[in-house]
Amino acid sequence: MMRWAVIQFPGSNCDQDVFHVLKNVLAQEVDYIWHKDSSLKGADAVVLPGGFSYGDYLRCGAIARFSPIMPAVKEAAGQGKTVLGICNGFQILCEAGLLPGVLVRNTSLHFRCETIPVRVEHPSSRFTSEYLTGQVLQLPIAHGEGHYVADEATLDALFLHKQVLFTYSDSQGRTTPGSNPNGSQRHIAGITNRAGNVFGLMPHPERASEKILGSSDGLGLFTSILASQGVPLAQAA
Amino acid sequence: MIRAQVIVRPRASIFDPQGDAVCRAIQHLGVSTVKQAHVGKCIELELEGNDLNKARAQLETICKDLLSNPVIEDYVLTLKGAEPPKVKAASKPAAKKAVKKAASRPVAKKAASKPVKKTKVKKTVRRAAVKKKKGK
C-alpha cells in the first residue's frame, strides 16, 4: 500500500474524485493536504488535482505555485517521489518549474469538455507501464487552457528523452489536426520531467477509472504507479 | 506613494488566440486596416514609500516570478512617484510637504516611460490612418 497526498488548493474541484479512486477503487491510504500546510505527512506520492486554483487569476497555476505546500512538493519531486499533476495540477507544475513549458488558452478559445482519444507514447515509465505503446485510451478533458507551449529545443528534448507519455490522437491513434482539442504543440497531452517521476497531463484519468463512469481507461495510470513501487493490487476494479 | 504599472504582453513568437479573435472581430466590423491584435494585461500597483530604485528592484523580481511567465510573455514595468527631496535635516516639515505634493499629482494622463509612449504614438497614427481610409 502506498500513502498518497492529494493537495487541496482554493478552487480545486477534482480532489474528491482522485481521493475516491485511490481510497475506494484502489484501497490506498490517502490524505487531503490543505495548500497552507507545509508537510506532506510522509506521503509516498503526491497528486495536484484539477480545478481552478485561485480562480485561475493572472495565469492558471501562477498563484498556486507560491502556496506554502509547494516547497514540500518540490522536495518530494527532488527525492524522486511520484508527483502527478492533473489538468490544473499540470498547469501548476509548469508554473512551478517542475515541468518545462506552459499551458495557454486553447487555440479555439473554447472550453473543451468531452471524452477524447489519447494515445500512449510508450510504456517505459512509472505512469504508463500498464499500457501498450500506441494504445488509444478514452479519457475526459475539461479545460480552457490546455494548449501546451514550449520552444522547439524543449519539444525536441521532450521527445528525445521519452518524456512525452500521452498525445492527442484520433480513435485510430493517428495525430491529425482535427484530433488536437486545444492546439497543443506536437499534440502533447502529458509529459514527465527528465527524471521521470513528475508527470503532468491535461486529461482526467480519475474520471475514467470505473466502468460505471463509461471508461476505466484511466485506471491504468494509477495501477502503473502502484506497480512501479511493487505495490500489489488488492482491490483494483 | 509610488504607483507602478506592469504591461504583460504575449511574446511575438507565441500564437495569441485572443488577439487573433479580437483582430478578426475588428475586421468584421469593417476596419480592415487592422492586421494584428495582441491581448495582454495591465496590472497597476500602489506602493508605500518613495524610493524608486528599491521599488523597481523589488518589482522586477515580482514581474519575472509572478506577474509574467517568461516562456510566453514579456513585460514593461513603469514607475511613477516622488523621490525624497534632498533637504537639510532641519527642514523636515517642508520635506514632508514636498513629498505629499509630488505624490498627489495626477498619474495616468502622460506616459511615464518610452515603451508606453511609443505604443500611444503608434495607436494615434493607426487611428489617423483608419480615419483617412474611411474618408475615402
# chains A, B, ... in the order shown; residues from 1 in each chain; ligands from 1

$ interface_residues --of "chain B" --to "chain A" --cutoff "10 Å" --atoms "only C-alpha atoms" --output "list in words"
Ser13, Ile14, Phe15, Asp16, Pro17, Gln18, Asp20, Ala21, Lys41, Ile43, Asp65, Leu66, Leu67, Ser68, Asn69, Pro70, Val71 and Ile72 of chain B

$ write_last_selection --atoms "N, CA, C and O atoms" --output "PDB file, in the first residue's frame"
ATOM      1  N   SER B  13       6.491  35.469 -30.689  1.00  0.00           N
ATOM      2  CA  SER B  13       6.657  34.131 -31.261  1.00  0.00           C
ATOM      3  C   SER B  13       5.560  33.162 -30.829  1.00  0.00           C
ATOM      4  O   SER B  13       5.454  32.055 -31.347  1.00  0.00           O
ATOM      5  N   ILE B  14       4.743  33.569 -29.853  1.00  0.00           N
ATOM      6  CA  ILE B  14       3.693  32.690 -29.350  1.00  0.00           C
ATOM      7  C   ILE B  14       2.361  33.086 -29.977  1.00  0.00           C
ATOM      8  O   ILE B  14       1.987  34.264 -29.957  1.00  0.00           O
ATOM      9  N   PHE B  15       1.653  32.122 -30.542  1.00  0.00           N
ATOM     10  CA  PHE B  15       0.353  32.421 -31.129  1.00  0.00           C
ATOM     11  C   PHE B  15      -0.597  32.880 -30.023  1.00  0.00           C
ATOM     12  O   PHE B  15      -0.700  32.255 -28.971  1.00  0.00           O
ATOM     13  N   ASP B  16      -1.273  34.005 -30.281  1.00  0.00           N
ATOM     14  CA  ASP B  16      -2.162  34.590 -29.283  1.00  0.00           C
ATOM     15  C   ASP B  16      -3.602  34.468 -29.786  1.00  0.00           C
ATOM     16  O   ASP B  16      -4.077  35.320 -30.543  1.00  0.00           O
ATOM     17  N   PRO B  17      -4.300  33.387 -29.393  1.00  0.00           N
ATOM     18  CA  PRO B  17      -5.645  33.170 -29.930  1.00  0.00           C
ATOM     19  C   PRO B  17      -6.618  34.299 -29.594  1.00  0.00           C
ATOM     20  O   PRO B  17      -7.494  34.617 -30.390  1.00  0.00           O
ATOM     21  N   GLN B  18      -6.446  34.916 -28.400  1.00  0.00           N
ATOM     22  CA  GLN B  18      -7.349  36.026 -28.040  1.00  0.00           C
ATOM     23  C   GLN B  18      -7.132  37.207 -28.982  1.00  0.00           C
ATOM     24  O   GLN B  18      -8.074  37.812 -29.478  1.00  0.00           O
ATOM     25  N   ASP B  20      -5.934  37.114 -31.933  1.00  0.00           N
ATOM     26  CA  ASP B  20      -6.407  36.735 -33.255  1.00  0.00           C
ATOM     27  C   ASP B  20      -7.919  36.921 -33.366  1.00  0.00           C
ATOM     28  O   ASP B  20      -8.423  37.468 -34.352  1.00  0.00           O
ATOM     29  N   ALA B  21      -8.639  36.498 -32.311  1.00  0.00           N
ATOM     30  CA  ALA B  21     -10.101  36.636 -32.320  1.00  0.00           C
ATOM     31  C   ALA B  21     -10.502  38.114 -32.323  1.00  0.00           C
ATOM     32  O   ALA B  21     -11.424  38.519 -33.041  1.00  0.00           O
ATOM     33  N   LYS B  41      -2.169  42.089 -20.403  1.00  0.00           N
ATOM     34  CA  LYS B  41      -2.764  42.515 -19.126  1.00  0.00           C
ATOM     35  C   LYS B  41      -2.106  43.806 -18.676  1.00  0.00           C
ATOM     36  O   LYS B  41      -0.923  44.037 -18.960  1.00  0.00           O
ATOM     37  N   ILE B  43      -1.452  45.642 -15.108  1.00  0.00           N
ATOM     38  CA  ILE B  43      -1.539  45.469 -13.652  1.00  0.00           C
ATOM     39  C   ILE B  43      -1.046  46.752 -12.997  1.00  0.00           C
ATOM     40  O   ILE B  43       0.085  47.189 -13.268  1.00  0.00           O
ATOM     41  N   ASP B  65       8.749  36.567 -11.549  1.00  0.00           N
ATOM     42  CA  ASP B  65       8.308  35.360 -10.840  1.00  0.00           C
ATOM     43  C   ASP B  65       6.802  35.142 -10.895  1.00  0.00           C
ATOM     44  O   ASP B  65       6.340  34.013 -10.935  1.00  0.00           O
ATOM     45  N   LEU B  66       6.051  36.224 -10.813  1.00  0.00           N
ATOM     46  CA  LEU B  66       4.605  36.063 -10.645  1.00  0.00           C
ATOM     47  C   LEU B  66       3.778  36.691 -11.768  1.00  0.00           C
ATOM     48  O   LEU B  66       2.925  36.035 -12.357  1.00  0.00           O
ATOM     49  N   LEU B  67       4.038  37.958 -12.046  1.00  0.00           N
ATOM     50  CA  LEU B  67       3.121  38.682 -12.938  1.00  0.00           C
ATOM     51  C   LEU B  67       3.251  38.261 -14.398  1.00  0.00           C
ATOM     52  O   LEU B  67       2.311  38.415 -15.169  1.00  0.00           O
ATOM     53  N   SER B  68       4.410  37.748 -14.790  1.00  0.00           N
ATOM     54  CA  SER B  68       4.542  37.254 -16.157  1.00  0.00           C
ATOM     55  C   SER B  68       5.217  35.889 -16.143  1.00  0.00           C
ATOM     56  O   SER B  68       5.871  35.534 -15.169  1.00  0.00           O
ATOM     57  N   ASN B  69       5.011  35.142 -17.204  1.00  0.00           N
ATOM     58  CA  ASN B  69       5.727  33.881 -17.381  1.00  0.00           C
ATOM     59  C   ASN B  69       6.663  34.068 -18.563  1.00  0.00           C
ATOM     60  O   ASN B  69       6.209  34.207 -19.697  1.00  0.00           O
ATOM     61  N   PRO B  70       7.969  34.116 -18.311  1.00  0.00           N
ATOM     62  CA  PRO B  70       8.916  34.435 -19.389  1.00  0.00           C
ATOM     63  C   PRO B  70       8.892  33.466 -20.565  1.00  0.00           C
ATOM     64  O   PRO B  70       9.406  33.788 -21.629  1.00  0.00           O
ATOM     65  N   VAL B  71       8.290  32.300 -20.383  1.00  0.00           N
ATOM     66  CA  VAL B  71       8.203  31.353 -21.500  1.00  0.00           C
ATOM     67  C   VAL B  71       7.287  31.904 -22.596  1.00  0.00           C
ATOM     68  O   VAL B  71       7.507  31.695 -23.783  1.00  0.00           O
ATOM     69  N   ILE B  72       6.259  32.631 -22.181  1.00  0.00           N
ATOM     70  CA  ILE B  72       5.248  33.066 -23.159  1.00  0.00           C
ATOM     71  C   ILE B  72       5.003  34.569 -23.175  1.00  0.00           C
ATOM     72  O   ILE B  72       4.314  35.065 -24.059  1.00  0.00           O
TER      73      ILE B  72
END

$ residues_around --residues "A:Arg207" --least-positions-apart "6" --cutoff "10 Å" --atoms "only C-alpha atoms" --output "JSON, numbers by chain"
{"A": [14, 17, 18, 21, 115, 139, 140, 141, 213, 214, 215, 216, 217, 218, 219]}

$ write_last_selection --atoms "C-alpha atoms" --output "mmCIF file, in the first residue's frame"
data_model
loop_
_atom_site.group_PDB
_atom_site.id
_atom_site.type_symbol
_atom_site.label_atom_id
_atom_site.label_comp_id
_atom_site.auth_asym_id
_atom_site.auth_seq_id
_atom_site.Cartn_x
_atom_site.Cartn_y
_atom_site.Cartn_z
ATOM 1 C CA CYS A 14 -11.236 17.198 -8.717
ATOM 2 C CA ASP A 17 -12.521 12.331 -7.480
ATOM 3 C CA VAL A 18 -8.837 11.486 -7.080
ATOM 4 C CA VAL A 21 -10.275 6.412 -6.896
ATOM 5 C CA THR A 115 -14.167 12.398 -23.772
ATOM 6 C CA LEU A 139 -10.185 9.953 -21.409
ATOM 7 C CA PRO A 140 -12.223 13.001 -20.446
ATOM 8 C CA ILE A 141 -10.827 16.508 -20.831
ATOM 9 C CA LEU A 213 -18.456 6.050 -15.444
ATOM 10 C CA GLY A 214 -18.191 4.929 -19.064
ATOM 11 C CA SER A 215 -14.475 4.210 -19.192
ATOM 12 C CA SER A 216 -11.885 2.706 -16.913
ATOM 13 C CA ASP A 217 -9.024 3.522 -19.265
ATOM 14 C CA GLY A 218 -7.533 5.985 -16.772
ATOM 15 C CA LEU A 219 -7.142 3.440 -14.005
#

$ select_by_dssp --residues "stretch 57-199 of chain A" --states "strand (DSSP E or B)" --output "MDAnalysis selection string"
chainID A and resid 82:86 102:104 112:120 136:143 147:149 164:168 188:192 198:199

$ atom_distance --atom1 "atom CA of A:Leu98" --atom2 "atom CA of A:Gly144"
21.6 Å

$ closest_atom_pairs --of "stretch 28-130 of chain A" --to "stretch 190-200 of chain A" --cutoff "8 Å" --atoms "only C-alpha atoms" --output "Markdown table"
| residue | atom | partner | partner_atom | distance |
| --- | --- | --- | --- | --- |
| A:Ala77 | CA | A:Val198 | CA | 6.6 |
| A:Gly80 | CA | A:Asn197 | CA | 5.9 |
| A:Lys81 | CA | A:Asn197 | CA | 6.3 |
| A:Thr82 | CA | A:Asn197 | CA | 5.0 |
| A:Val83 | CA | A:Val198 | CA | 4.6 |
| A:Leu84 | CA | A:Phe199 | CA | 5.0 |
| A:Gly85 | CA | A:Gly200 | CA | 4.5 |
| A:Ile86 | CA | A:Gly200 | CA | 5.8 |
| A:Cys87 | CA | A:Gly200 | CA | 7.4 |
| A:Gly89 | CA | A:Gly200 | CA | 7.0 |
| A:Phe90 | CA | A:Gly200 | CA | 4.3 |
| A:Gln91 | CA | A:Gly200 | CA | 7.8 |
| A:Leu93 | CA | A:Gly200 | CA | 7.1 |
| A:Leu98 | CA | A:Asn193 | CA | 7.0 |
| A:Leu99 | CA | A:Asn193 | CA | 5.5 |
| A:Pro100 | CA | A:Asn193 | CA | 7.5 |
| A:Ser125 | CA | A:Gly196 | CA | 6.8 |
| A:Arg126 | CA | A:Asn197 | CA | 7.3 |
| A:Phe127 | CA | A:Phe199 | CA | 7.7 |

$ write_last_selection --atoms "N, CA and C atoms" --output "compact mmCIF listing (two decimals), in the first residue's frame"
# COMPACT_ATOMS: atom_id res chain seq x y z
N ALA A 77 9.56 15.90 -5.12
CA ALA A 77 9.97 15.67 -6.51
C ALA A 77 11.47 15.45 -6.59
N GLY A 80 12.67 12.08 -5.76
CA GLY A 80 12.29 11.00 -6.68
C GLY A 80 10.93 10.41 -6.41
N LYS A 81 10.17 11.03 -5.48
CA LYS A 81 8.82 10.53 -5.21
C LYS A 81 7.90 10.85 -6.39
N THR A 82 6.82 10.12 -6.47
CA THR A 82 5.87 10.32 -7.57
C THR A 82 5.06 11.59 -7.34
N VAL A 83 5.06 12.47 -8.34
CA VAL A 83 4.24 13.68 -8.30
C VAL A 83 3.39 13.69 -9.57
N LEU A 84 2.08 13.74 -9.37
CA LEU A 84 1.15 13.69 -10.50
C LEU A 84 0.31 14.96 -10.52
N GLY A 85 0.33 15.67 -11.62
CA GLY A 85 -0.49 16.88 -11.77
C GLY A 85 -1.51 16.67 -12.87
N ILE A 86 -2.78 16.77 -12.50
CA ILE A 86 -3.85 16.53 -13.47
C ILE A 86 -4.52 17.87 -13.81
N CYS A 87 -4.55 18.21 -15.06
CA CYS A 87 -5.23 19.41 -15.55
C CYS A 87 -4.68 20.67 -14.86
N GLY A 89 -3.48 20.82 -12.06
CA GLY A 89 -2.26 20.36 -11.40
C GLY A 89 -1.07 20.39 -12.36
N PHE A 90 -1.32 20.05 -13.62
CA PHE A 90 -0.30 20.12 -14.67
C PHE A 90 0.14 21.58 -14.85
N GLN A 91 -0.86 22.47 -14.90
CA GLN A 91 -0.55 23.89 -15.06
C GLN A 91 0.30 24.41 -13.89
N LEU A 93 2.33 22.60 -11.99
CA LEU A 93 3.68 22.02 -12.08
C LEU A 93 4.54 22.78 -13.09
N LEU A 98 8.56 22.65 -12.22
CA LEU A 98 8.84 21.21 -12.06
C LEU A 98 8.70 20.49 -13.39
N LEU A 99 7.99 21.11 -14.31
CA LEU A 99 7.90 20.60 -15.68
C LEU A 99 8.18 21.76 -16.63
N PRO A 100 8.77 21.46 -17.79
CA PRO A 100 9.07 22.55 -18.73
C PRO A 100 7.81 23.01 -19.47
N SER A 125 7.59 3.94 -18.45
CA SER A 125 7.61 4.97 -17.41
C SER A 125 6.80 4.46 -16.23
N ARG A 126 6.97 5.07 -15.09
CA ARG A 126 6.24 4.60 -13.92
C ARG A 126 4.74 4.93 -14.02
N PHE A 127 4.37 5.76 -15.01
CA PHE A 127 2.97 6.16 -15.14
C PHE A 127 2.23 5.39 -16.24

$ closest_residue --among "A:Glu152, A:Glu210, A:Glu145, A:Asp44" --to "A:Asp56" --atoms "only C-alpha atoms"
A:Glu145

$ atom_distance --atom1 "atom CA of A:Pro181" --atom2 "atom CA of A:Phe166"
13.4 Å

$ select_by_dssp --residues "stretch 9-75 of chain A" --states "helix (DSSP H, G or I)" --output "ChimeraX atom specification"
/A:15-25,53-56,64-66,70-75

$ atom_distance --atom1 "atom CA of A:Ile212" --atom2 "atom CA of A:Ala189"
24.6 Å
